[in-house]
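Shown next: upload01.cif, containing mmCIF, C-alpha atoms.
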```cif
data_protein
#
loop_
_atom_site.label_atom_id
_atom_site.label_comp_id
_atom_site.auth_asym_id
_atom_site.auth_seq_id
_atom_site.Cartn_x
_atom_site.Cartn_y
_atom_site.Cartn_z
CA MET A 83 -9.43 -15.97 -11.60
CA LYS A 84 -8.05 -14.99 -8.19
CA LEU A 85 -6.71 -11.58 -7.18
CA PHE A 86 -4.42 -10.19 -4.47
CA ASP A 87 -5.37 -6.74 -3.10
CA THR A 88 -1.98 -5.45 -1.99
CA HIS A 89 -3.23 -2.30 -0.24
CA ALA A 90 -6.46 -1.78 1.71
CA HIS A 91 -7.63 0.05 4.83
CA TYR A 92 -10.44 -2.05 6.26
CA THR A 93 -10.26 -0.43 9.69
CA ASP A 94 -11.33 2.90 8.16
CA SER A 95 -14.41 4.40 9.85
CA ARG A 96 -16.13 4.85 6.48
CA PHE A 97 -16.93 1.14 6.49
CA GLU A 98 -18.71 1.57 9.83
CA ASP A 99 -20.79 4.35 8.30
CA GLU A 100 -21.68 2.35 5.19
CA TYR A 101 -22.27 -1.15 6.57
CA GLU A 102 -23.93 -2.34 9.74
CA GLY A 103 -21.11 -4.30 11.34
CA GLY A 104 -18.46 -2.35 9.42
CA ALA A 105 -15.98 -4.01 7.07
CA ASP A 106 -16.46 -7.37 8.77
CA ALA A 107 -19.98 -7.44 7.33
CA LEU A 108 -18.47 -7.15 3.85
CA LEU A 109 -15.24 -9.14 3.95
CA PRO A 110 -16.65 -12.71 4.01
CA GLU A 111 -18.46 -11.95 0.75
CA VAL A 112 -15.37 -10.32 -0.76
CA PHE A 113 -13.21 -13.35 0.03
CA GLY A 114 -15.94 -15.62 -1.32
CA GLU A 115 -15.71 -14.08 -4.80
CA ASN A 116 -12.39 -13.55 -6.62
CA ILE A 117 -10.18 -12.21 -3.84
CA SER A 118 -7.67 -14.62 -2.32
CA TYR A 119 -5.45 -12.24 -0.33
CA ILE A 120 -5.57 -8.72 1.12
CA ILE A 121 -2.88 -6.64 2.79
CA ASN A 122 -4.60 -4.57 5.49
CA VAL A 123 -2.50 -1.44 5.98
CA GLY A 124 -1.96 0.68 9.08
CA THR A 125 -1.13 4.38 9.19
CA ASN A 126 -0.38 4.94 12.90
CA PRO A 127 0.27 2.84 16.02
CA GLU A 128 -3.40 2.63 16.99
CA ASN A 129 -4.86 1.47 13.71
CA SER A 130 -1.80 -0.72 13.09
CA ARG A 131 -2.98 -2.74 16.08
CA GLY A 132 -6.43 -2.74 14.53
CA VAL A 133 -5.32 -4.10 11.16
CA ILE A 134 -3.53 -6.97 12.92
CA GLU A 135 -6.62 -7.91 14.92
CA GLN A 136 -8.77 -7.76 11.82
CA ALA A 137 -6.28 -9.84 9.82
CA LYS A 138 -6.44 -12.58 12.44
CA LYS A 139 -10.10 -13.15 11.52
CA TYR A 140 -9.38 -14.06 7.87
CA GLU A 141 -6.99 -16.65 6.53
CA GLY A 142 -6.26 -14.59 3.44
CA MET A 143 -5.69 -11.25 5.17
CA PHE A 144 -2.28 -10.03 6.31
CA ALA A 145 -1.14 -6.84 7.99
CA ALA A 146 1.25 -4.00 7.26
CA VAL A 147 2.10 -1.75 10.21
CA GLY A 148 3.61 1.70 10.13
CA ILE A 149 3.23 5.45 10.49
CA HIS A 150 1.94 7.43 7.51
CA PRO A 151 3.61 10.78 6.74
CA SER A 152 0.37 12.66 7.34
CA ASP A 153 -0.46 10.82 10.57
CA CYS A 154 3.00 11.40 12.04
CA GLN A 155 2.35 15.13 12.29
CA TYR A 156 -0.48 14.60 14.77
CA LEU A 157 1.06 11.99 17.09
CA LYS A 158 1.48 13.25 20.64
CA GLU A 159 4.64 11.48 21.81
CA GLU A 160 8.19 11.83 20.58
CA PRO A 161 9.05 9.92 17.37
CA GLU A 162 11.18 7.32 19.15
CA LYS A 163 8.30 6.42 21.49
CA GLU A 164 5.77 6.23 18.67
CA LEU A 165 8.12 4.17 16.53
CA ALA A 166 8.80 1.84 19.45
CA LYS A 167 5.10 0.93 19.39
CA ILE A 168 5.47 -0.24 15.78
CA ALA A 169 8.63 -2.20 16.59
CA GLU A 170 6.83 -3.92 19.47
CA LEU A 171 4.05 -5.04 17.15
CA ILE A 172 6.55 -6.44 14.64
CA GLU A 173 8.34 -8.38 17.37
CA LYS A 174 5.24 -9.79 19.07
CA GLU A 175 2.50 -10.22 16.48
CA ASP A 176 1.90 -12.72 13.69
CA LYS A 177 0.54 -11.95 10.22
CA ILE A 178 2.69 -8.84 9.71
CA VAL A 179 4.24 -9.03 6.23
CA ALA A 180 5.32 -5.42 5.58
CA LEU A 181 6.13 -2.07 7.13
CA GLY A 182 3.88 0.70 5.89
CA GLU A 183 2.55 2.77 4.83
CA ILE A 184 5.45 5.17 5.10
CA GLY A 185 6.88 7.95 2.95
CA PHE A 186 6.35 11.61 2.13
CA ASP A 187 3.18 13.62 1.52
CA TYR A 188 3.74 17.23 0.42
CA HIS A 189 0.20 17.89 -0.80
CA TYR A 190 -0.89 20.23 1.99
CA ASP A 191 0.48 23.63 2.93
CA ASP A 192 0.97 22.73 6.60
CA THR A 193 3.32 19.83 5.84
CA ASP A 194 6.08 19.35 8.43
CA LYS A 195 8.75 17.99 6.07
CA GLU A 196 11.34 17.69 8.81
CA LYS A 197 9.10 15.49 10.95
CA GLN A 198 8.09 13.39 7.95
CA THR A 199 11.75 12.83 7.15
CA VAL A 200 12.48 11.60 10.68
CA TYR A 201 9.66 9.07 10.56
CA PHE A 202 10.42 7.92 7.02
CA GLU A 203 14.11 7.40 7.70
CA ARG A 204 13.59 5.63 11.04
CA GLN A 205 11.07 3.26 9.46
CA MET A 206 13.41 2.45 6.59
CA GLU A 207 16.00 1.58 9.23
CA MET A 208 13.39 -0.56 10.99
CA ALA A 209 12.54 -2.39 7.76
CA GLN A 210 16.21 -3.12 7.26
CA LYS A 211 16.55 -4.41 10.81
CA TYR A 212 13.54 -6.74 10.60
CA GLY A 213 13.93 -7.77 6.97
CA LEU A 214 10.50 -6.52 5.95
CA PRO A 215 9.42 -5.00 2.63
CA VAL A 216 8.03 -1.46 2.78
CA ILE A 217 4.91 0.14 1.34
CA ILE A 218 5.72 3.65 0.15
CA HIS A 219 3.27 6.56 0.12
CA ASP A 220 4.50 9.20 -2.33
CA ARG A 221 2.30 12.24 -2.87
CA ASP A 222 3.83 15.25 -4.61
CA ALA A 223 7.24 14.15 -3.29
CA HIS A 224 8.67 11.94 -6.02
CA GLY A 225 12.26 13.17 -5.90
CA ASP A 226 12.57 13.06 -2.13
CA CYS A 227 11.00 9.58 -1.92
CA PHE A 228 13.42 8.32 -4.55
CA ASP A 229 16.38 9.86 -2.73
CA MET A 230 15.32 8.22 0.54
CA ILE A 231 14.98 4.70 -0.82
CA ARG A 232 18.36 5.02 -2.58
CA LYS A 233 19.94 5.44 0.87
CA TYR A 234 18.74 1.95 1.84
CA PRO A 235 19.63 -0.37 -1.07
CA ASP A 236 18.96 -3.49 1.00
CA VAL A 237 15.32 -2.47 1.61
CA LYS A 238 12.79 -3.24 -1.12
CA GLY A 239 9.06 -2.82 -1.43
CA VAL A 240 6.32 -1.16 -3.43
CA PHE A 241 5.32 2.37 -4.38
CA HIS A 242 1.58 2.12 -3.87
CA SER A 243 -1.02 3.81 -6.11
CA TYR A 244 1.86 5.06 -8.22
CA SER A 245 1.68 8.64 -9.50
CA GLY A 246 5.27 9.37 -10.54
CA SER A 247 6.92 9.49 -13.94
CA ARG A 248 7.51 6.66 -16.40
CA GLU A 249 11.26 7.15 -16.08
CA MET A 250 11.23 6.92 -12.30
CA ALA A 251 9.07 3.78 -12.39
CA ILE A 252 11.46 2.07 -14.80
CA ASP A 253 14.41 3.00 -12.59
CA LEU A 254 12.63 1.70 -9.49
CA ALA A 255 11.82 -1.61 -11.20
CA ARG A 256 15.45 -1.92 -12.27
CA ARG A 257 16.43 -1.53 -8.62
CA GLY A 258 14.08 -4.36 -7.59
CA TRP A 259 11.07 -2.28 -6.52
CA TYR A 260 7.44 -2.97 -7.37
CA ILE A 261 4.90 -0.48 -8.72
CA SER A 262 1.26 -0.82 -7.70
CA PHE A 263 -1.76 0.47 -9.59
CA SER A 264 -5.06 1.43 -8.00
CA GLY A 265 -8.43 2.29 -9.55
CA VAL A 266 -6.86 5.48 -10.89
CA ILE A 267 -5.65 3.51 -13.91
CA SER A 268 -9.29 3.12 -14.98
CA PHE A 269 -9.92 6.89 -14.97
CA LYS A 270 -10.18 8.66 -18.33
CA ASN A 271 -8.03 11.55 -17.06
CA ALA A 272 -5.05 9.36 -16.11
CA PRO A 273 -3.09 8.79 -19.36
CA ARG A 274 0.31 9.03 -17.64
CA VAL A 275 -0.54 6.17 -15.26
CA LYS A 276 -1.48 4.01 -18.25
CA GLU A 277 1.82 4.88 -19.95
CA VAL A 278 3.74 3.84 -16.83
CA ALA A 279 1.84 0.56 -16.65
CA ALA A 280 2.65 -0.24 -20.28
CA ALA A 281 6.37 0.43 -19.79
CA LEU A 282 7.08 -1.83 -16.81
CA PRO A 283 8.27 -5.44 -16.81
CA SER A 284 5.48 -7.84 -15.89
CA ASP A 285 7.31 -9.15 -12.83
CA LYS A 286 7.38 -5.72 -11.11
CA ILE A 287 3.71 -4.71 -11.09
CA LEU A 288 0.94 -5.11 -8.50
CA ILE A 289 -2.66 -3.97 -8.12
CA GLU A 290 -4.56 -2.63 -5.14
CA THR A 291 -7.74 -0.90 -4.05
CA ASP A 292 -6.47 1.60 -1.44
CA CYS A 293 -10.03 1.14 -0.23
CA PRO A 294 -12.18 2.81 0.89
CA TYR A 295 -10.63 5.33 -1.52
CA LEU A 296 -10.11 5.41 -5.33
CA ALA A 297 -12.92 3.14 -6.52
CA PRO A 298 -12.37 2.24 -10.18
CA THR A 299 -14.67 3.08 -13.06
CA PRO A 300 -17.62 2.27 -13.20
CA HIS A 301 -17.85 2.68 -9.41
CA ARG A 302 -15.84 5.91 -9.18
CA GLY A 303 -16.99 8.06 -6.27
CA LYS A 304 -18.40 5.12 -4.30
CA LEU A 305 -16.93 3.53 -1.21
CA ASN A 306 -14.27 1.22 -2.61
CA HIS A 307 -13.67 -2.41 -1.63
CA SER A 308 -11.71 -5.38 -2.92
CA GLY A 309 -14.65 -6.73 -4.89
CA TYR A 310 -14.29 -3.82 -7.32
CA MET A 311 -10.66 -4.62 -8.10
CA ILE A 312 -11.64 -6.73 -11.10
CA HIS A 313 -12.18 -3.42 -12.93
CA THR A 314 -8.67 -2.27 -12.03
CA LEU A 315 -7.31 -5.52 -13.42
CA SER A 316 -9.24 -4.99 -16.65
CA ALA A 317 -7.90 -1.44 -17.05
CA LEU A 318 -4.35 -2.57 -16.35
CA ALA A 319 -4.64 -5.41 -18.87
CA ASP A 320 -5.93 -2.97 -21.50
CA ALA A 321 -3.08 -0.53 -20.81
CA ARG A 322 -0.52 -3.32 -21.23
CA GLY A 323 -2.23 -5.05 -24.15
CA GLU A 324 -2.47 -8.33 -22.25
CA GLY A 325 -5.18 -10.82 -21.40
CA ALA A 326 -6.68 -10.27 -17.96
CA GLU A 327 -6.47 -13.90 -16.86
CA LYS A 328 -2.79 -14.28 -17.68
CA LEU A 329 -2.05 -10.93 -16.06
CA ALA A 330 -3.91 -11.94 -12.90
CA GLU A 331 -1.69 -15.02 -12.59
CA GLN A 332 1.45 -12.88 -12.87
CA LEU A 333 0.15 -10.33 -10.36
CA MET A 334 -0.57 -13.10 -7.86
CA LYS A 335 2.95 -14.46 -8.30
CA ASN A 336 4.49 -11.00 -7.84
CA SER A 337 2.42 -10.20 -4.75
CA LYS A 338 3.15 -13.47 -3.01
CA LYS A 339 6.86 -13.06 -3.72
CA LEU A 340 7.06 -9.51 -2.33
CA PHE A 341 5.13 -10.29 0.84
CA SER A 342 6.57 -13.80 1.30
CA ILE A 343 3.14 -15.52 1.22
CA LYS A 344 3.71 -19.26 0.98
CA LYS A 345 0.09 -20.43 0.93
CA ALA A 346 -1.43 -21.80 -2.28
#
```
If you convert what's in this file into C-alpha coordinates, what do you get?
Amino acid sequence: MKLFDTHAHYTDSRFEDEYEGGADALLPEVFGENISYIINVGTNPENSRGVIEQAKKYEGMFAAVGIHPSDCQYLKEEPEKELAKIAELIEKEDKIVALGEIGFDYHYDDTDKEKQTVYFERQMEMAQKYGLPVIIHDRDAHGDCFDMIRKYPDVKGVFHSYSGSREMAIDLARRGWYISFSGVISFKNAPRVKEVAAALPSDKILIETDCPYLAPTPHRGKLNHSGYMIHTLSALADARGEGAEKLAEQLMKNSKKLFSIKKA
(Lines of atoms letter the chains of each structure in order from A and count residues from 1; the text may use other names and numbers.)
(Lines give C-alpha, C1' and ligand atoms only; values in the text may rest on other atoms or scores of the structure.)
Protein backbone atom coordinates (compact mmCIF):
# COMPACT_ATOMS: atom_id res chain seq x y z
CA MET A 1 0.00 0.00 0.00
CA LYS A 2 1.59 3.25 -1.19
CA LEU A 3 0.73 6.76 -0.01
CA PHE A 4 1.15 10.31 -1.33
CA ASP A 5 1.89 12.99 1.30
CA THR A 6 0.45 16.07 -0.37
CA HIS A 7 1.74 18.62 2.15
CA ALA A 8 4.99 18.58 4.13
CA HIS A 9 7.63 21.06 5.31
CA TYR A 10 10.90 19.14 5.34
CA THR A 11 13.04 22.29 5.39
CA ASP A 12 11.64 23.17 8.82
CA SER A 13 14.36 23.72 11.45
CA ARG A 14 12.64 21.30 13.84
CA PHE A 15 14.05 18.43 11.81
CA GLU A 16 17.55 19.80 12.37
CA ASP A 17 16.88 19.84 16.10
CA GLU A 18 15.50 16.30 16.17
CA TYR A 19 17.79 14.44 13.76
CA GLU A 20 21.51 14.67 13.18
CA GLY A 21 21.60 15.56 9.49
CA GLY A 22 18.09 17.02 9.60
CA ALA A 23 15.24 15.71 7.46
CA ASP A 24 17.68 14.17 4.98
CA ALA A 25 18.63 11.68 7.68
CA LEU A 26 14.99 10.58 7.84
CA LEU A 27 13.69 10.79 4.28
CA PRO A 28 15.46 7.75 2.74
CA GLU A 29 13.80 5.57 5.38
CA VAL A 30 10.42 7.25 4.86
CA PHE A 31 10.54 6.65 1.11
CA GLY A 32 11.65 3.08 1.74
CA GLU A 33 8.44 2.24 3.61
CA ASN A 34 4.97 3.10 2.27
CA ILE A 35 5.49 6.63 0.95
CA SER A 36 5.82 7.03 -2.82
CA TYR A 37 5.46 10.80 -3.21
CA ILE A 38 5.77 13.95 -1.10
CA ILE A 39 4.97 17.57 -1.93
CA ASN A 40 7.54 19.71 -0.08
CA VAL A 41 5.90 23.09 0.54
CA GLY A 42 7.45 26.54 0.77
CA THR A 43 6.12 29.50 2.75
CA ASN A 44 8.42 32.34 1.61
CA PRO A 45 10.98 33.00 -1.14
CA GLU A 46 13.92 31.71 0.89
CA ASN A 47 12.52 28.37 1.97
CA SER A 48 10.82 27.95 -1.41
CA ARG A 49 14.32 27.74 -2.85
CA GLY A 50 15.12 25.26 -0.11
CA VAL A 51 12.22 22.93 -0.86
CA ILE A 52 13.26 22.82 -4.52
CA GLU A 53 16.85 21.89 -3.67
CA GLN A 54 15.66 19.22 -1.27
CA ALA A 55 13.19 17.83 -3.81
CA LYS A 56 16.00 17.39 -6.32
CA LYS A 57 17.56 14.78 -4.02
CA TYR A 58 14.55 12.42 -4.11
CA GLU A 59 12.77 11.01 -7.13
CA GLY A 60 9.44 10.98 -5.33
CA MET A 61 9.60 14.50 -3.89
CA PHE A 62 8.19 17.55 -5.64
CA ALA A 63 8.03 21.21 -4.67
CA ALA A 64 5.36 23.83 -4.09
CA VAL A 65 6.58 27.42 -3.92
CA GLY A 66 4.76 30.42 -2.53
CA ILE A 67 4.32 32.99 0.22
CA HIS A 68 2.27 32.03 3.27
CA PRO A 69 -0.14 34.64 4.69
CA SER A 70 1.74 34.75 7.98
CA ASP A 71 5.18 34.96 6.37
CA CYS A 72 4.16 37.80 4.06
CA GLN A 73 3.79 40.17 7.00
CA TYR A 74 7.49 39.90 7.83
CA LEU A 75 9.04 40.18 4.36
CA LYS A 76 11.22 43.25 3.95
CA GLU A 77 10.74 44.19 0.31
CA GLU A 78 7.63 45.37 -1.49
CA PRO A 79 5.13 42.64 -2.49
CA GLU A 80 5.92 42.89 -6.20
CA LYS A 81 9.63 42.27 -5.54
CA GLU A 82 8.97 39.36 -3.21
CA LEU A 83 6.47 37.84 -5.61
CA ALA A 84 8.92 38.24 -8.49
CA LYS A 85 11.25 35.87 -6.62
CA ILE A 86 8.55 33.19 -6.67
CA ALA A 87 7.82 33.79 -10.36
CA GLU A 88 11.53 33.43 -11.15
CA LEU A 89 11.63 30.06 -9.43
CA ILE A 90 8.60 28.84 -11.36
CA GLU A 91 10.15 29.91 -14.66
CA LYS A 92 13.62 28.49 -14.03
CA GLU A 93 13.32 25.45 -11.78
CA ASP A 94 12.14 21.88 -12.34
CA LYS A 95 10.06 19.79 -9.93
CA ILE A 96 7.63 22.61 -9.08
CA VAL A 97 4.09 21.21 -9.28
CA ALA A 98 2.04 23.79 -7.32
CA LEU A 99 1.94 27.32 -5.98
CA GLY A 100 1.59 27.45 -2.22
CA GLU A 101 1.02 27.62 0.39
CA ILE A 102 -1.07 30.75 0.04
CA GLY A 103 -4.25 32.08 1.60
CA PHE A 104 -5.51 33.84 4.71
CA ASP A 105 -4.64 33.38 8.39
CA TYR A 106 -6.73 35.47 10.81
CA HIS A 107 -5.78 33.57 13.97
CA TYR A 108 -3.58 36.25 15.54
CA ASP A 109 -4.50 39.72 16.72
CA ASP A 110 -1.72 41.43 14.75
CA THR A 111 -2.95 40.12 11.38
CA ASP A 112 -2.43 42.56 8.49
CA LYS A 113 -5.47 41.53 6.42
CA GLU A 114 -4.78 44.09 3.72
CA LYS A 115 -1.27 42.78 3.11
CA GLN A 116 -2.47 39.18 3.16
CA THR A 117 -5.08 40.05 0.55
CA VAL A 118 -2.47 41.56 -1.76
CA TYR A 119 -0.28 38.47 -1.59
CA PHE A 120 -3.17 36.02 -1.91
CA GLU A 121 -4.66 37.77 -4.93
CA ARG A 122 -1.33 38.24 -6.73
CA GLN A 123 -0.48 34.56 -6.24
CA MET A 124 -3.86 33.46 -7.56
CA GLU A 125 -3.11 35.58 -10.63
CA MET A 126 0.31 33.92 -10.86
CA ALA A 127 -1.23 30.44 -10.66
CA GLN A 128 -3.57 31.37 -13.47
CA LYS A 129 -0.70 32.67 -15.57
CA TYR A 130 1.48 29.58 -15.12
CA GLY A 131 -1.30 26.99 -15.08
CA LEU A 132 -0.40 25.67 -11.64
CA PRO A 133 -2.73 24.30 -8.95
CA VAL A 134 -2.69 26.14 -5.62
CA ILE A 135 -2.39 24.95 -2.03
CA ILE A 136 -4.67 27.03 0.19
CA HIS A 137 -4.00 27.84 3.84
CA ASP A 138 -7.28 28.81 5.52
CA ARG A 139 -7.18 29.54 9.23
CA ASP A 140 -10.17 31.29 10.78
CA ALA A 141 -10.86 32.89 7.37
CA HIS A 142 -13.25 30.50 5.65
CA GLY A 143 -15.56 33.07 4.08
CA ASP A 144 -12.79 35.29 2.74
CA CYS A 145 -10.84 32.32 1.33
CA PHE A 146 -13.96 31.08 -0.43
CA ASP A 147 -14.67 34.54 -1.85
CA MET A 148 -11.11 34.80 -3.18
CA ILE A 149 -11.07 31.48 -5.01
CA ARG A 150 -14.48 32.27 -6.56
CA LYS A 151 -12.84 35.26 -8.27
CA TYR A 152 -10.52 32.88 -10.16
CA PRO A 153 -12.70 30.07 -11.54
CA ASP A 154 -9.92 28.82 -13.82
CA VAL A 155 -7.59 28.17 -10.87
CA LYS A 156 -8.03 24.92 -8.95
CA GLY A 157 -6.20 23.30 -6.08
CA VAL A 158 -6.57 22.01 -2.55
CA PHE A 159 -7.62 23.39 0.82
CA HIS A 160 -4.98 21.78 3.00
CA SER A 161 -5.63 20.44 6.52
CA TYR A 162 -9.25 21.42 6.05
CA SER A 163 -11.04 23.03 9.01
CA GLY A 164 -14.12 24.60 7.40
CA SER A 165 -17.73 23.50 7.32
CA ARG A 166 -19.27 20.46 5.66
CA GLU A 167 -21.33 22.71 3.40
CA MET A 168 -18.32 24.70 2.22
CA ALA A 169 -16.35 21.52 1.51
CA ILE A 170 -19.17 20.10 -0.59
CA ASP A 171 -19.41 23.36 -2.54
CA LEU A 172 -15.65 23.42 -3.10
CA ALA A 173 -15.67 19.83 -4.38
CA ARG A 174 -18.53 20.69 -6.72
CA ARG A 175 -16.38 23.50 -8.12
CA GLY A 176 -13.50 21.07 -8.78
CA TRP A 177 -11.44 21.69 -5.64
CA TYR A 178 -9.82 19.05 -3.45
CA ILE A 179 -10.01 18.80 0.34
CA SER A 180 -7.01 17.45 2.25
CA PHE A 181 -7.04 15.84 5.68
CA SER A 182 -4.14 15.87 8.10
CA GLY A 183 -3.59 14.01 11.38
CA VAL A 184 -6.34 16.13 12.90
CA ILE A 185 -8.89 13.64 11.57
CA SER A 186 -7.50 11.07 14.03
CA PHE A 187 -8.07 13.34 17.05
CA LYS A 188 -10.97 12.50 19.38
CA ASN A 189 -11.96 16.18 19.60
CA ALA A 190 -12.41 16.62 15.82
CA PRO A 191 -15.92 15.29 15.02
CA ARG A 192 -16.63 18.02 12.44
CA VAL A 193 -13.58 17.04 10.38
CA LYS A 194 -14.80 13.44 10.34
CA GLU A 195 -18.25 14.60 9.21
CA VAL A 196 -16.69 16.56 6.35
CA ALA A 197 -14.62 13.55 5.29
CA ALA A 198 -17.70 11.32 5.21
CA ALA A 199 -19.65 13.77 3.05
CA LEU A 200 -17.20 14.28 0.19
CA PRO A 201 -16.98 12.38 -3.11
CA SER A 202 -14.04 9.99 -3.15
CA ASP A 203 -12.41 11.70 -6.13
CA LYS A 204 -11.98 15.03 -4.28
CA ILE A 205 -10.09 14.02 -1.13
CA LEU A 206 -6.37 13.94 -0.29
CA ILE A 207 -4.27 13.25 2.80
CA GLU A 208 -1.19 14.98 4.17
CA THR A 209 1.06 15.30 7.18
CA ASP A 210 1.71 19.07 7.34
CA CYS A 211 4.84 17.80 9.07
CA PRO A 212 6.53 18.57 11.34
CA TYR A 213 3.13 19.62 12.72
CA LEU A 214 -0.13 17.74 13.49
CA ALA A 215 1.15 14.22 14.12
CA PRO A 216 -1.78 11.78 14.14
CA THR A 217 -2.88 9.64 17.06
CA PRO A 218 -1.06 7.64 18.51
CA HIS A 219 1.90 9.98 17.89
CA ARG A 220 0.10 13.23 18.73
CA GLY A 221 2.47 15.80 20.17
CA LYS A 222 5.56 14.29 18.54
CA LEU A 223 7.49 15.66 15.59
CA ASN A 224 5.44 14.52 12.61
CA HIS A 225 6.77 12.90 9.43
CA SER A 226 5.37 11.07 6.43
CA GLY A 227 5.90 7.66 8.00
CA TYR A 228 3.08 8.42 10.45
CA MET A 229 0.56 9.11 7.69
CA ILE A 230 -0.65 5.52 7.72
CA HIS A 231 -2.59 6.46 10.88
CA THR A 232 -4.22 9.39 9.07
CA LEU A 233 -5.27 7.02 6.31
CA SER A 234 -6.78 4.64 8.85
CA ALA A 235 -8.76 7.44 10.53
CA LEU A 236 -10.00 8.73 7.18
CA ALA A 237 -11.06 5.24 6.12
CA ASP A 238 -12.96 4.79 9.39
CA ALA A 239 -14.70 8.16 8.98
CA ARG A 240 -15.81 7.21 5.46
CA GLY A 241 -16.64 3.58 6.22
CA GLU A 242 -14.20 2.33 3.58
CA GLY A 243 -11.34 -0.12 3.43
CA ALA A 244 -7.95 1.51 3.87
CA GLU A 245 -6.31 -0.23 0.91
CA LYS A 246 -8.98 0.76 -1.58
CA LEU A 247 -9.01 4.30 -0.21
CA ALA A 248 -5.23 4.55 -0.54
CA GLU A 249 -5.51 3.68 -4.24
CA GLN A 250 -8.08 6.42 -4.78
CA LEU A 251 -6.03 8.98 -2.85
CA MET A 252 -2.98 8.19 -4.97
CA LYS A 253 -5.03 8.65 -8.14
CA ASN A 254 -6.44 11.98 -6.90
CA SER A 255 -3.05 13.32 -5.83
CA LYS A 256 -1.30 12.43 -9.06
CA LYS A 257 -4.11 14.03 -11.05
CA LEU A 258 -4.06 17.32 -9.12
CA PHE A 259 -0.28 17.70 -9.25
CA SER A 260 0.13 16.26 -12.77
CA ILE A 261 2.49 13.46 -11.64
CA LYS A 262 2.91 11.05 -14.54
CA LYS A 263 5.28 8.54 -12.92
CA ALA A 264 4.02 5.08 -11.95
* Asked: Do you know which residues the PyMOL selection byres ((chain A and resi 298) around 7) returns on this file, as an MDAnalysis selection string?
  -> chainID A and resid 265:266 268 296:297 299:302 310 313:314
* Asked: When the PyMOL selection byres ((chain A and resi 114) around 12) is applied to the file above, which residues end up in the set, as an MDAnalysis selection string?
  -> chainID A and resid 84:85 108:113 115:119 140:142 308:309
* Could you spell out the hits of the PyMOL selection byres ((chain A and resi 168-185) around 9) on the shown file, as number ranges by chain? -> A: 121, 123-127, 130-131, 134, 137-138, 143-151, 164-167, 186-187, 198-199, 201-203, 205-206, 208-209, 212, 214-221, 223, 227, 230, 239, 242, 341-343
Keeping C-alpha atoms for every residue in the selection just given, could you write it to a file as an mmCIF file, keeping the file's coordinate frame?
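Output saved as result00.cif:
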```
data_model
loop_
_atom_site.group_PDB
_atom_site.id
_atom_site.type_symbol
_atom_site.label_atom_id
_atom_site.label_comp_id
_atom_site.auth_asym_id
_atom_site.auth_seq_id
_atom_site.Cartn_x
_atom_site.Cartn_y
_atom_site.Cartn_z
ATOM 1 C CA ILE A 121 -2.880 -6.640 2.790
ATOM 2 C CA VAL A 123 -2.500 -1.440 5.980
ATOM 3 C CA GLY A 124 -1.960 0.680 9.080
ATOM 4 C CA THR A 125 -1.130 4.380 9.190
ATOM 5 C CA ASN A 126 -0.380 4.940 12.900
ATOM 6 C CA PRO A 127 0.270 2.840 16.020
ATOM 7 C CA SER A 130 -1.800 -0.720 13.090
ATOM 8 C CA ARG A 131 -2.980 -2.740 16.080
ATOM 9 C CA ILE A 134 -3.530 -6.970 12.920
ATOM 10 C CA ALA A 137 -6.280 -9.840 9.820
ATOM 11 C CA LYS A 138 -6.440 -12.580 12.440
ATOM 12 C CA MET A 143 -5.690 -11.250 5.170
ATOM 13 C CA PHE A 144 -2.280 -10.030 6.310
ATOM 14 C CA ALA A 145 -1.140 -6.840 7.990
ATOM 15 C CA ALA A 146 1.250 -4.000 7.260
ATOM 16 C CA VAL A 147 2.100 -1.750 10.210
ATOM 17 C CA GLY A 148 3.610 1.700 10.130
ATOM 18 C CA ILE A 149 3.230 5.450 10.490
ATOM 19 C CA HIS A 150 1.940 7.430 7.510
ATOM 20 C CA PRO A 151 3.610 10.780 6.740
ATOM 21 C CA GLU A 164 5.770 6.230 18.670
ATOM 22 C CA LEU A 165 8.120 4.170 16.530
ATOM 23 C CA ALA A 166 8.800 1.840 19.450
ATOM 24 C CA LYS A 167 5.100 0.930 19.390
ATOM 25 C CA PHE A 186 6.350 11.610 2.130
ATOM 26 C CA ASP A 187 3.180 13.620 1.520
ATOM 27 C CA GLN A 198 8.090 13.390 7.950
ATOM 28 C CA THR A 199 11.750 12.830 7.150
ATOM 29 C CA TYR A 201 9.660 9.070 10.560
ATOM 30 C CA PHE A 202 10.420 7.920 7.020
ATOM 31 C CA GLU A 203 14.110 7.400 7.700
ATOM 32 C CA GLN A 205 11.070 3.260 9.460
ATOM 33 C CA MET A 206 13.410 2.450 6.590
ATOM 34 C CA MET A 208 13.390 -0.560 10.990
ATOM 35 C CA ALA A 209 12.540 -2.390 7.760
ATOM 36 C CA TYR A 212 13.540 -6.740 10.600
ATOM 37 C CA LEU A 214 10.500 -6.520 5.950
ATOM 38 C CA PRO A 215 9.420 -5.000 2.630
ATOM 39 C CA VAL A 216 8.030 -1.460 2.780
ATOM 40 C CA ILE A 217 4.910 0.140 1.340
ATOM 41 C CA ILE A 218 5.720 3.650 0.150
ATOM 42 C CA HIS A 219 3.270 6.560 0.120
ATOM 43 C CA ASP A 220 4.500 9.200 -2.330
ATOM 44 C CA ARG A 221 2.300 12.240 -2.870
ATOM 45 C CA ALA A 223 7.240 14.150 -3.290
ATOM 46 C CA CYS A 227 11.000 9.580 -1.920
ATOM 47 C CA MET A 230 15.320 8.220 0.540
ATOM 48 C CA GLY A 239 9.060 -2.820 -1.430
ATOM 49 C CA HIS A 242 1.580 2.120 -3.870
ATOM 50 C CA PHE A 341 5.130 -10.290 0.840
ATOM 51 C CA SER A 342 6.570 -13.800 1.300
ATOM 52 C CA ILE A 343 3.140 -15.520 1.220
#
```
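Note that atom CA of A:Arg256 and atom CA of A:Lys233 are 15.7 Å apart.
For the atom pair formed by atom CA of A:Cys154 and atom CA of A:Lys195, the distance is 10.6 Å, given to one decimal.
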